[in-house]
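S.K.: Below you'll find my_file_26.pdb; it's PDB, C-alpha atoms.
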```
ATOM      1  CA  MET A 159       7.245 187.790 206.573  1.00  0.00           C
ATOM      2  CA  PRO A 160       8.614 184.226 206.223  1.00  0.00           C
ATOM      3  CA  ARG A 161      12.216 183.583 205.274  1.00  0.00           C
ATOM      4  CA  ARG A 162      12.273 182.223 201.725  1.00  0.00           C
ATOM      5  CA  LEU A 163      14.949 179.781 200.663  1.00  0.00           C
ATOM      6  CA  ARG A 164      15.588 179.647 196.919  1.00  0.00           C
ATOM      7  CA  ILE A 165      16.790 176.170 196.006  1.00  0.00           C
ATOM      8  CA  ASP A 166      18.261 175.619 192.543  1.00  0.00           C
ATOM      9  CA  PHE A 167      18.379 171.869 191.932  1.00  0.00           C
ATOM     10  CA  VAL A 168      20.814 171.280 189.056  1.00  0.00           C
ATOM     11  CA  SER A 169      20.278 167.790 187.677  1.00  0.00           C
ATOM     12  CA  ASP A 170      19.697 165.441 184.756  1.00  0.00           C
ATOM     13  CA  ILE A 171      16.851 162.991 184.225  1.00  0.00           C
ATOM     14  CA  SER A 172      19.328 160.188 183.425  1.00  0.00           C
ATOM     15  CA  CYS A 173      21.183 160.631 186.749  1.00  0.00           C
ATOM     16  CA  PRO A 174      20.054 158.115 189.418  1.00  0.00           C
ATOM     17  CA  TRP A 175      21.689 160.086 192.227  1.00  0.00           C
ATOM     18  CA  CYS A 176      19.588 163.090 191.210  1.00  0.00           C
ATOM     19  CA  ILE A 177      16.292 161.435 192.119  1.00  0.00           C
ATOM     20  CA  ILE A 178      17.882 160.023 195.286  1.00  0.00           C
ATOM     21  CA  GLY A 179      19.060 163.526 196.207  1.00  0.00           C
ATOM     22  CA  LEU A 180      15.716 165.075 195.329  1.00  0.00           C
ATOM     23  CA  ARG A 181      13.817 162.632 197.511  1.00  0.00           C
ATOM     24  CA  GLY A 182      16.306 163.242 200.322  1.00  0.00           C
ATOM     25  CA  LEU A 183      15.734 166.991 200.034  1.00  0.00           C
ATOM     26  CA  GLU A 184      11.945 166.617 199.903  1.00  0.00           C
ATOM     27  CA  ILE A 185      11.882 164.320 202.937  1.00  0.00           C
ATOM     28  CA  ALA A 186      14.092 166.740 204.863  1.00  0.00           C
ATOM     29  CA  LEU A 187      11.820 169.671 204.025  1.00  0.00           C
ATOM     30  CA  GLU A 188       8.770 167.692 205.103  1.00  0.00           C
ATOM     31  CA  ARG A 189      10.404 166.788 208.408  1.00  0.00           C
ATOM     32  CA  LEU A 190      11.336 170.407 209.058  1.00  0.00           C
ATOM     33  CA  LYS A 191       7.803 171.696 208.485  1.00  0.00           C
ATOM     34  CA  ASP A 192       6.807 171.191 212.130  1.00  0.00           C
ATOM     35  CA  GLU A 193       9.934 172.974 213.311  1.00  0.00           C
ATOM     36  CA  TRP A 194       9.709 175.879 210.887  1.00  0.00           C
ATOM     37  CA  GLY A 195       5.969 176.320 210.585  1.00  0.00           C
ATOM     38  CA  ASP A 196       5.329 179.329 208.356  1.00  0.00           C
ATOM     39  CA  THR A 197       8.638 181.014 209.198  1.00  0.00           C
ATOM     40  CA  VAL A 198      10.591 179.414 206.329  1.00  0.00           C
ATOM     41  CA  GLU A 199       9.438 178.603 202.806  1.00  0.00           C
ATOM     42  CA  ALA A 200      11.473 176.616 200.260  1.00  0.00           C
ATOM     43  CA  ASP A 201      11.123 177.425 196.569  1.00  0.00           C
ATOM     44  CA  ILE A 202      12.690 174.728 194.336  1.00  0.00           C
ATOM     45  CA  HIS A 203      13.743 175.483 190.755  1.00  0.00           C
ATOM     46  CA  PHE A 204      15.023 172.625 188.599  1.00  0.00           C
ATOM     47  CA  GLN A 205      17.978 173.632 186.442  1.00  0.00           C
ATOM     48  CA  PRO A 206      19.213 171.681 183.386  1.00  0.00           C
ATOM     49  CA  PHE A 207      22.383 169.626 183.167  1.00  0.00           C
ATOM     50  CA  GLU A 208      23.136 167.000 180.524  1.00  0.00           C
ATOM     51  CA  LEU A 209      25.424 164.156 181.520  1.00  0.00           C
ATOM     52  CA  ASN A 210      25.561 162.950 177.929  1.00  0.00           C
ATOM     53  CA  PRO A 211      24.755 165.830 175.561  1.00  0.00           C
ATOM     54  CA  ALA A 212      26.235 164.001 172.555  1.00  0.00           C
ATOM     55  CA  MET A 213      24.301 160.772 173.131  1.00  0.00           C
ATOM     56  CA  ALA A 214      23.051 159.178 169.897  1.00  0.00           C
ATOM     57  CA  PRO A 215      19.281 159.043 169.294  1.00  0.00           C
ATOM     58  CA  GLU A 216      19.158 155.290 169.910  1.00  0.00           C
ATOM     59  CA  GLY A 217      20.914 155.662 173.245  1.00  0.00           C
ATOM     60  CA  GLU A 218      23.514 153.260 174.652  1.00  0.00           C
ATOM     61  CA  ASN A 219      23.387 150.174 176.857  1.00  0.00           C
ATOM     62  CA  ILE A 220      24.051 151.203 180.459  1.00  0.00           C
ATOM     63  CA  VAL A 221      26.694 148.533 181.132  1.00  0.00           C
ATOM     64  CA  GLU A 222      28.581 149.413 177.944  1.00  0.00           C
ATOM     65  CA  HIS A 223      28.236 153.122 178.664  1.00  0.00           C
ATOM     66  CA  ILE A 224      29.543 152.911 182.246  1.00  0.00           C
ATOM     67  CA  GLY A 225      32.375 150.680 181.105  1.00  0.00           C
ATOM     68  CA  ARG A 226      33.396 153.030 178.321  1.00  0.00           C
ATOM     69  CA  LYS A 227      33.011 156.239 180.332  1.00  0.00           C
ATOM     70  CA  TYR A 228      34.380 155.154 183.712  1.00  0.00           C
ATOM     71  CA  GLY A 229      36.236 151.921 183.023  1.00  0.00           C
ATOM     72  CA  ALA A 230      33.907 149.877 185.233  1.00  0.00           C
ATOM     73  CA  THR A 231      33.623 146.133 184.697  1.00  0.00           C
ATOM     74  CA  PRO A 232      30.163 144.572 184.259  1.00  0.00           C
ATOM     75  CA  GLU A 233      30.465 143.206 187.805  1.00  0.00           C
ATOM     76  CA  GLN A 234      31.313 146.639 189.196  1.00  0.00           C
ATOM     77  CA  SER A 235      28.455 148.170 187.243  1.00  0.00           C
ATOM     78  CA  ALA A 236      25.999 145.588 188.600  1.00  0.00           C
ATOM     79  CA  ALA A 237      27.180 146.176 192.180  1.00  0.00           C
ATOM     80  CA  ASN A 238      26.802 149.925 191.718  1.00  0.00           C
ATOM     81  CA  ARG A 239      23.263 149.539 190.392  1.00  0.00           C
ATOM     82  CA  ALA A 240      22.360 147.329 193.360  1.00  0.00           C
ATOM     83  CA  ASN A 241      23.625 150.032 195.720  1.00  0.00           C
ATOM     84  CA  ILE A 242      21.653 152.675 193.844  1.00  0.00           C
ATOM     85  CA  ARG A 243      18.464 150.576 194.011  1.00  0.00           C
ATOM     86  CA  GLU A 244      18.935 150.189 197.764  1.00  0.00           C
ATOM     87  CA  ARG A 245      19.545 153.895 198.314  1.00  0.00           C
ATOM     88  CA  ALA A 246      16.544 154.788 196.158  1.00  0.00           C
ATOM     89  CA  ALA A 247      14.301 152.396 198.068  1.00  0.00           C
ATOM     90  CA  SER A 248      15.376 154.024 201.349  1.00  0.00           C
ATOM     91  CA  VAL A 249      13.820 157.300 200.169  1.00  0.00           C
ATOM     92  CA  GLY A 250      10.703 155.678 198.710  1.00  0.00           C
ATOM     93  CA  PHE A 251      11.634 155.513 195.035  1.00  0.00           C
ATOM     94  CA  THR A 252      11.533 152.348 192.902  1.00  0.00           C
ATOM     95  CA  MET A 253      14.646 152.041 190.762  1.00  0.00           C
ATOM     96  CA  ALA A 254      14.264 149.271 188.157  1.00  0.00           C
ATOM     97  CA  MET A 255      17.652 149.350 186.430  1.00  0.00           C
ATOM     98  CA  ALA A 256      18.577 146.102 184.657  1.00  0.00           C
ATOM     99  CA  ASP A 257      21.551 145.025 182.525  1.00  0.00           C
ATOM    100  CA  ASP A 258      19.619 145.911 179.375  1.00  0.00           C
ATOM    101  CA  ALA A 259      18.777 149.462 180.526  1.00  0.00           C
ATOM    102  CA  ARG A 260      19.877 152.259 178.215  1.00  0.00           C
ATOM    103  CA  ILE A 261      21.112 155.825 178.576  1.00  0.00           C
ATOM    104  CA  TYR A 262      19.251 158.371 176.413  1.00  0.00           C
ATOM    105  CA  ASN A 263      19.546 161.996 175.396  1.00  0.00           C
ATOM    106  CA  SER A 264      17.611 164.250 177.778  1.00  0.00           C
ATOM    107  CA  PHE A 265      17.628 167.617 176.005  1.00  0.00           C
ATOM    108  CA  ASP A 266      13.952 167.601 175.001  1.00  0.00           C
ATOM    109  CA  ALA A 267      12.988 166.641 178.546  1.00  0.00           C
ATOM    110  CA  HIS A 268      14.822 169.727 179.776  1.00  0.00           C
ATOM    111  CA  ARG A 269      12.952 171.887 177.248  1.00  0.00           C
ATOM    112  CA  LEU A 270       9.675 170.616 178.653  1.00  0.00           C
ATOM    113  CA  LEU A 271      10.850 171.228 182.217  1.00  0.00           C
ATOM    114  CA  HIS A 272      11.640 174.837 181.308  1.00  0.00           C
ATOM    115  CA  TRP A 273       8.080 175.243 180.046  1.00  0.00           C
ATOM    116  CA  ALA A 274       6.617 173.376 183.031  1.00  0.00           C
ATOM    117  CA  GLU A 275       8.195 175.862 185.437  1.00  0.00           C
ATOM    118  CA  MET A 276       6.296 178.687 183.757  1.00  0.00           C
ATOM    119  CA  GLU A 277       3.133 176.611 184.130  1.00  0.00           C
ATOM    120  CA  GLY A 278       3.743 175.987 187.832  1.00  0.00           C
ATOM    121  CA  ARG A 279       4.064 172.213 187.335  1.00  0.00           C
ATOM    122  CA  GLN A 280       7.815 171.729 187.115  1.00  0.00           C
ATOM    123  CA  ALA A 281       8.178 169.480 190.163  1.00  0.00           C
ATOM    124  CA  ALA A 282       5.315 167.273 188.987  1.00  0.00           C
ATOM    125  CA  LEU A 283       6.909 166.837 185.562  1.00  0.00           C
ATOM    126  CA  LYS A 284      10.353 166.226 187.062  1.00  0.00           C
ATOM    127  CA  HIS A 285       8.959 163.355 189.130  1.00  0.00           C
ATOM    128  CA  ALA A 286       7.006 161.988 186.169  1.00  0.00           C
ATOM    129  CA  LEU A 287      10.148 161.960 184.036  1.00  0.00           C
ATOM    130  CA  PHE A 288      12.210 160.222 186.710  1.00  0.00           C
ATOM    131  CA  ASP A 289       9.425 157.646 186.993  1.00  0.00           C
ATOM    132  CA  SER A 290       9.379 157.172 183.205  1.00  0.00           C
ATOM    133  CA  TYR A 291      13.089 156.530 183.004  1.00  0.00           C
ATOM    134  CA  PHE A 292      14.080 154.758 186.196  1.00  0.00           C
ATOM    135  CA  THR A 293      10.889 152.935 187.257  1.00  0.00           C
ATOM    136  CA  ARG A 294       9.229 152.235 183.921  1.00  0.00           C
ATOM    137  CA  GLY A 295      12.472 151.841 181.948  1.00  0.00           C
ATOM    138  CA  GLU A 296      11.231 154.066 179.124  1.00  0.00           C
ATOM    139  CA  ASP A 297      13.119 156.040 176.481  1.00  0.00           C
ATOM    140  CA  ILE A 298      13.035 159.658 177.703  1.00  0.00           C
ATOM    141  CA  SER A 299      14.087 160.914 174.279  1.00  0.00           C
ATOM    142  CA  SER A 300      10.867 159.478 172.794  1.00  0.00           C
ATOM    143  CA  TYR A 301       8.155 162.040 172.144  1.00  0.00           C
ATOM    144  CA  ASP A 302       5.458 159.522 173.101  1.00  0.00           C
ATOM    145  CA  VAL A 303       7.135 158.880 176.454  1.00  0.00           C
ATOM    146  CA  LEU A 304       7.574 162.597 177.087  1.00  0.00           C
ATOM    147  CA  ILE A 305       3.952 163.342 176.217  1.00  0.00           C
ATOM    148  CA  ALA A 306       2.781 160.586 178.575  1.00  0.00           C
ATOM    149  CA  ALA A 307       4.871 162.101 181.381  1.00  0.00           C
ATOM    150  CA  VAL A 308       3.398 165.519 180.613  1.00  0.00           C
ATOM    151  CA  SER A 309      -0.095 164.054 180.917  1.00  0.00           C
ATOM    152  CA  ARG A 310       0.679 162.413 184.278  1.00  0.00           C
ATOM    153  CA  ALA A 311       2.058 165.753 185.491  1.00  0.00           C
ATOM    154  CA  GLY A 312      -1.241 167.467 184.695  1.00  0.00           C
ATOM    155  CA  LEU A 313       0.099 169.629 181.859  1.00  0.00           C
ATOM    156  CA  ASP A 314      -1.362 170.421 178.440  1.00  0.00           C
ATOM    157  CA  VAL A 315      -0.302 167.612 176.090  1.00  0.00           C
ATOM    158  CA  GLY A 316      -1.202 169.638 173.009  1.00  0.00           C
ATOM    159  CA  GLU A 317       1.108 172.450 174.044  1.00  0.00           C
ATOM    160  CA  ALA A 318       3.843 169.956 174.893  1.00  0.00           C
ATOM    161  CA  ALA A 319       3.529 168.362 171.460  1.00  0.00           C
ATOM    162  CA  ALA A 320       3.857 171.791 169.840  1.00  0.00           C
ATOM    163  CA  ILE A 321       7.013 172.461 171.863  1.00  0.00           C
ATOM    164  CA  LEU A 322       8.545 169.111 170.931  1.00  0.00           C
ATOM    165  CA  SER A 323       7.826 169.621 167.236  1.00  0.00           C
ATOM    166  CA  SER A 324       9.717 172.940 167.341  1.00  0.00           C
ATOM    167  CA  ASP A 325      12.968 174.216 168.818  1.00  0.00           C
ATOM    168  CA  ARG A 326      11.139 176.273 171.434  1.00  0.00           C
ATOM    169  CA  TYR A 327      13.115 176.808 174.671  1.00  0.00           C
ATOM    170  CA  ALA A 328      16.248 175.229 173.197  1.00  0.00           C
ATOM    171  CA  THR A 329      18.157 178.490 173.516  1.00  0.00           C
ATOM    172  CA  GLU A 330      16.950 179.034 177.075  1.00  0.00           C
ATOM    173  CA  VAL A 331      18.006 175.534 178.150  1.00  0.00           C
ATOM    174  CA  ARG A 332      21.464 175.854 176.597  1.00  0.00           C
ATOM    175  CA  GLU A 333      21.946 179.257 178.209  1.00  0.00           C
ATOM    176  CA  ALA A 334      20.968 177.848 181.600  1.00  0.00           C
ATOM    177  CA  GLU A 335      23.349 174.924 181.150  1.00  0.00           C
ATOM    178  CA  ARG A 336      26.207 177.299 180.334  1.00  0.00           C
ATOM    179  CA  LEU A 337      25.292 179.508 183.300  1.00  0.00           C
ATOM    180  CA  TRP A 338      25.528 176.713 185.848  1.00  0.00           C
ATOM    181  CA  GLN A 339      28.629 175.203 184.301  1.00  0.00           C
ATOM    182  CA  GLY A 340      30.157 178.675 184.392  1.00  0.00           C
ATOM    183  CA  ARG A 341      29.415 178.765 188.109  1.00  0.00           C
ATOM    184  CA  GLY A 342      31.515 175.649 188.573  1.00  0.00           C
ATOM    185  CA  ILE A 343      28.873 172.904 188.440  1.00  0.00           C
ATOM    186  CA  GLN A 344      30.559 169.902 186.809  1.00  0.00           C
ATOM    187  CA  SER A 345      28.600 167.035 188.376  1.00  0.00           C
ATOM    188  CA  VAL A 346      25.055 166.489 189.570  1.00  0.00           C
ATOM    189  CA  PRO A 347      23.003 166.671 191.607  1.00  0.00           C
ATOM    190  CA  ALA A 348      24.158 170.083 192.747  1.00  0.00           C
ATOM    191  CA  ILE A 349      21.805 171.843 195.138  1.00  0.00           C
ATOM    192  CA  VAL A 350      22.452 175.586 195.375  1.00  0.00           C
ATOM    193  CA  ILE A 351      20.635 177.441 198.154  1.00  0.00           C
ATOM    194  CA  ASP A 352      20.159 181.207 198.044  1.00  0.00           C
ATOM    195  CA  ASN A 353      22.979 181.412 195.469  1.00  0.00           C
ATOM    196  CA  ARG A 354      25.394 181.038 198.390  1.00  0.00           C
ATOM    197  CA  TYR A 355      25.490 177.440 199.596  1.00  0.00           C
ATOM    198  CA  LEU A 356      26.233 174.255 197.650  1.00  0.00           C
ATOM    199  CA  ILE A 357      25.189 170.739 198.647  1.00  0.00           C
ATOM    200  CA  SER A 358      26.583 168.104 196.287  1.00  0.00           C
ATOM    201  CA  GLY A 359      25.462 164.557 195.587  1.00  0.00           C
ATOM    202  CA  GLY A 360      22.569 162.302 196.486  1.00  0.00           C
ATOM    203  CA  GLN A 361      22.662 163.039 200.192  1.00  0.00           C
ATOM    204  CA  PRO A 362      20.355 161.280 202.702  1.00  0.00           C
ATOM    205  CA  PRO A 363      17.530 163.264 204.337  1.00  0.00           C
ATOM    206  CA  GLU A 364      19.507 163.689 207.567  1.00  0.00           C
ATOM    207  CA  SER A 365      22.310 165.534 205.779  1.00  0.00           C
ATOM    208  CA  PHE A 366      19.837 167.874 204.094  1.00  0.00           C
ATOM    209  CA  GLU A 367      18.067 168.474 207.410  1.00  0.00           C
ATOM    210  CA  GLN A 368      21.272 169.530 209.110  1.00  0.00           C
ATOM    211  CA  ALA A 369      22.363 171.802 206.264  1.00  0.00           C
ATOM    212  CA  LEU A 370      18.950 173.431 205.818  1.00  0.00           C
ATOM    213  CA  ARG A 371      18.574 174.073 209.530  1.00  0.00           C
ATOM    214  CA  GLN A 372      21.942 175.848 209.600  1.00  0.00           C
ATOM    215  CA  ILE A 373      21.223 177.879 206.471  1.00  0.00           C
ATOM    216  CA  ALA A 374      17.746 178.917 207.612  1.00  0.00           C
ATOM    217  CA  ALA A 375      19.206 180.158 210.907  1.00  0.00           C
ATOM    218  CA  GLU A 376      21.529 182.555 209.099  1.00  0.00           C
ATOM    219  CA  PRO A 377      20.359 186.006 207.978  1.00  0.00           C
ATOM    220  CA  ALA A 378      19.165 186.253 204.400  1.00  0.00           C
ATOM    221  CA  ALA A 379      21.515 187.845 201.899  1.00  0.00           C
ATOM    222  CA  ALA A 380      20.796 191.477 201.154  1.00  0.00           C
TER     223      ALA A 380
END
```
Please express the file's structure as structure tokens.
M.R.:
Amino acid sequence: MPRRLRIDFVSDISCPWCIIGLRGLEIALERLKDEWGDTVEADIHFQPFELNPAMAPEGENIVEHIGRKYGATPEQSAANRANIRERAASVGFTMAMADDARIYNSFDAHRLLHWAEMEGRQAALKHALFDSYFTRGEDISSYDVLIAAVSRAGLDVGEAAAILSSDRYATEVREAERLWQGRGIQSVPAIVIDNRYLISGGQPPESFEQALRQIAAEPAAA
């Protein structure tokens, strides 16, 4: 029987380091396939985290937001975005963040991701949402944008519309957020493996490779 690694990927759609970390993890897993064969299987579950749970419906300009939240100057913010674009490109993701980009509320996106996991399409929707926000520059709090991402992920748009027009899965998402915060997760991405090991931040593929190889070599928890 193969060794199964449970990977809980705690993240937010509006976090650029989350897609960088996700691509790093995916590349590492792909590289390790030849080494592991069928002896190790990785099962990724995306867990909700909101960087800005109180964000207004209209969102906030990214330069103003970073300046207010972290005290960064516009020049520092621009340099940081350039670094993020470069890191994203190194893992094959197009990051199109401009000075007029905005931060939006992501709660409804997390509700859809909760549903998508039950449908077996969570990873596809996660990637579609990252593409909507960071590559297309779209408002991920917009129902139209969310429905379009659902369609690209191969999910039922009618069911997604019904979820968005209700409060379905709101309780489940908030409970999951409290659970992971209660476990000490205060920043994302946070990658928790087998409920025992934590890898923090948007690490490059090489770092994930090294960590996964070490973890897979250890005996599974009872």
S.K.: Which one is closest to Ile261 in chain A: A:Trp175, A:Trp273, A:Trp194, A:Tyr291? Count only C-alpha atoms.
M.R.: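 Distance minimum relative to Ile261 in chain A lands on A:Tyr291.
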S.K.: Which protein, DNA or RNA residues have an atom at most 7 Å from (19.6, 169.8, 176.2), counting only C-alpha atoms? List them as a VMD selection string.
M.R.: chain A and resid 208 211 264 to 266 268 331 to 332
S.K.: Between A:Pro347, A:Gly225, A:Gly182, A:Gly342, which has the minimum distance to Pro206 in chain A (counting only C-alpha atoms)?
M.R.: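 Using only C-alpha atoms, Pro206 in chain A sits closest to A:Pro347.
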S.K.: From the set A:Ala311, A:Leu370, A:Ile178, A:Ala237, which residue has the shortest atom-to-atom contact distance to Val350 in chain A, counting all atoms listed in the file?
M.R.: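 Distance minimum relative to Val350 in chain A lands on A:Leu370.
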S.K.: Measure the distance from CA of Gly217 in chain A to CA of His285 in chain A in Å and round it to one decimal.
M.R.: 21.3 Å
S.K.: What's the separation between CA of Ile171 in chain A and CA of Ala230 in chain A, in Å to one decimal place?
M.R.: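 Separating CA of Ile171 in chain A from CA of Ala230 in chain A is a distance of 21.5 Å.
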S.K.: Neighbours of Ala200 in chain A within 8 Å (all atoms listed in the file; same-chain residues fewer than 6 positions away dropped), as a ChimeraX atom specification?
M.R.: /A:162-165,187
S.K.: So what do you get for CA of Glu330 in chain A versus CA of Ile177 in chain A, distance-wise?
M.R.: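 Atom-to-atom, CA of Glu330 in chain A and CA of Ile177 in chain A are spaced 23.2 Å apart.
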S.K.: Given the file shown, determine the residues that the PyMOL selection byres ((chain A and resi 243-257) around 9) selects; report them as a PDB file with C-alpha atoms, in the coordinates of the input.
M.R.:
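Result saved to result35.pdb:
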```pdb
ATOM      1  CA  PRO A 174      20.054 158.115 189.418  1.00  0.00           C
ATOM      2  CA  TRP A 175      21.689 160.086 192.227  1.00  0.00           C
ATOM      3  CA  ILE A 177      16.292 161.435 192.119  1.00  0.00           C
ATOM      4  CA  ILE A 178      17.882 160.023 195.286  1.00  0.00           C
ATOM      5  CA  ARG A 181      13.817 162.632 197.511  1.00  0.00           C
ATOM      6  CA  GLY A 182      16.306 163.242 200.322  1.00  0.00           C
ATOM      7  CA  ILE A 185      11.882 164.320 202.937  1.00  0.00           C
ATOM      8  CA  ASN A 219      23.387 150.174 176.857  1.00  0.00           C
ATOM      9  CA  ILE A 220      24.051 151.203 180.459  1.00  0.00           C
ATOM     10  CA  VAL A 221      26.694 148.533 181.132  1.00  0.00           C
ATOM     11  CA  PRO A 232      30.163 144.572 184.259  1.00  0.00           C
ATOM     12  CA  SER A 235      28.455 148.170 187.243  1.00  0.00           C
ATOM     13  CA  ALA A 236      25.999 145.588 188.600  1.00  0.00           C
ATOM     14  CA  ASN A 238      26.802 149.925 191.718  1.00  0.00           C
ATOM     15  CA  ARG A 239      23.263 149.539 190.392  1.00  0.00           C
ATOM     16  CA  ALA A 240      22.360 147.329 193.360  1.00  0.00           C
ATOM     17  CA  ASN A 241      23.625 150.032 195.720  1.00  0.00           C
ATOM     18  CA  ILE A 242      21.653 152.675 193.844  1.00  0.00           C
ATOM     19  CA  ASP A 258      19.619 145.911 179.375  1.00  0.00           C
ATOM     20  CA  ALA A 259      18.777 149.462 180.526  1.00  0.00           C
ATOM     21  CA  ARG A 260      19.877 152.259 178.215  1.00  0.00           C
ATOM     22  CA  ASP A 289       9.425 157.646 186.993  1.00  0.00           C
ATOM     23  CA  TYR A 291      13.089 156.530 183.004  1.00  0.00           C
ATOM     24  CA  PHE A 292      14.080 154.758 186.196  1.00  0.00           C
ATOM     25  CA  THR A 293      10.889 152.935 187.257  1.00  0.00           C
ATOM     26  CA  ARG A 294       9.229 152.235 183.921  1.00  0.00           C
ATOM     27  CA  GLY A 295      12.472 151.841 181.948  1.00  0.00           C
ATOM     28  CA  PRO A 362      20.355 161.280 202.702  1.00  0.00           C
ATOM     29  CA  PRO A 363      17.530 163.264 204.337  1.00  0.00           C
TER      30      PRO A 363
END
```
S.K.: Compare A:Leu183, A:Met159, A:Ala328, A:Val168 by their minimum atom-to-atom distance to Arg269 in chain A, counting only C-alpha atoms, and give me the closest one.
M.R.: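 Closest residue, counting only C-alpha atoms: A:Ala328.
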S.K.: Choose the residue, out of A:Ile305, A:Cys176, A:Ala214, A:Leu270, that has the smallest atom-to-atom separation from Arg326 in chain A; count all atoms listed in the file.
M.R.: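 Of all the options, A:Leu270 lies closest to Arg326 in chain A.
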S.K.: Can you work out which one of A:Phe366, A:His223, A:Glu317, A:Asp325 has the shortest atom-to-atom distance to Ile351 in chain A, counting only C-alpha atoms?
M.R.: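 Closest to Ile351 in chain A, using only C-alpha atoms: A:Phe366.
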S.K.: Tell me, as a tab-separated table (two decimals) with C-alpha atoms, keeping the file's coordinate frame, which residues lie within 12 Å of Asp314 in chain A, counting all atoms listed in the file; anything in the same chain fewer than 3 positions away does not count.
M.R.:
```tsv
chain	number	residue	atom	x	y	z
A	270	LEU	CA	9.68	170.62	178.65
A	273	TRP	CA	8.08	175.24	180.05
A	274	ALA	CA	6.62	173.38	183.03
A	277	GLU	CA	3.13	176.61	184.13
A	279	ARG	CA	4.06	172.21	187.34
A	283	LEU	CA	6.91	166.84	185.56
A	304	LEU	CA	7.57	162.60	177.09
A	305	ILE	CA	3.95	163.34	176.22
A	306	ALA	CA	2.78	160.59	178.58
A	307	ALA	CA	4.87	162.10	181.38
A	308	VAL	CA	3.40	165.52	180.61
A	309	SER	CA	-0.10	164.05	180.92
A	310	ARG	CA	0.68	162.41	184.28
A	311	ALA	CA	2.06	165.75	185.49
A	317	GLU	CA	1.11	172.45	174.04
A	318	ALA	CA	3.84	169.96	174.89
A	319	ALA	CA	3.53	168.36	171.46
A	320	ALA	CA	3.86	171.79	169.84
A	321	ILE	CA	7.01	172.46	171.86
```
S.K.: For range 191-193 of chain A, list every protein, DNA or RNA residue within 12 Å, evaluated using all atoms listed in the file, and leave out those in the same chain fewer than 5 positions away; present the list as number ranges by chain.
M.R.: A: 184-186, 198-200, 367, 370-371, 374-375
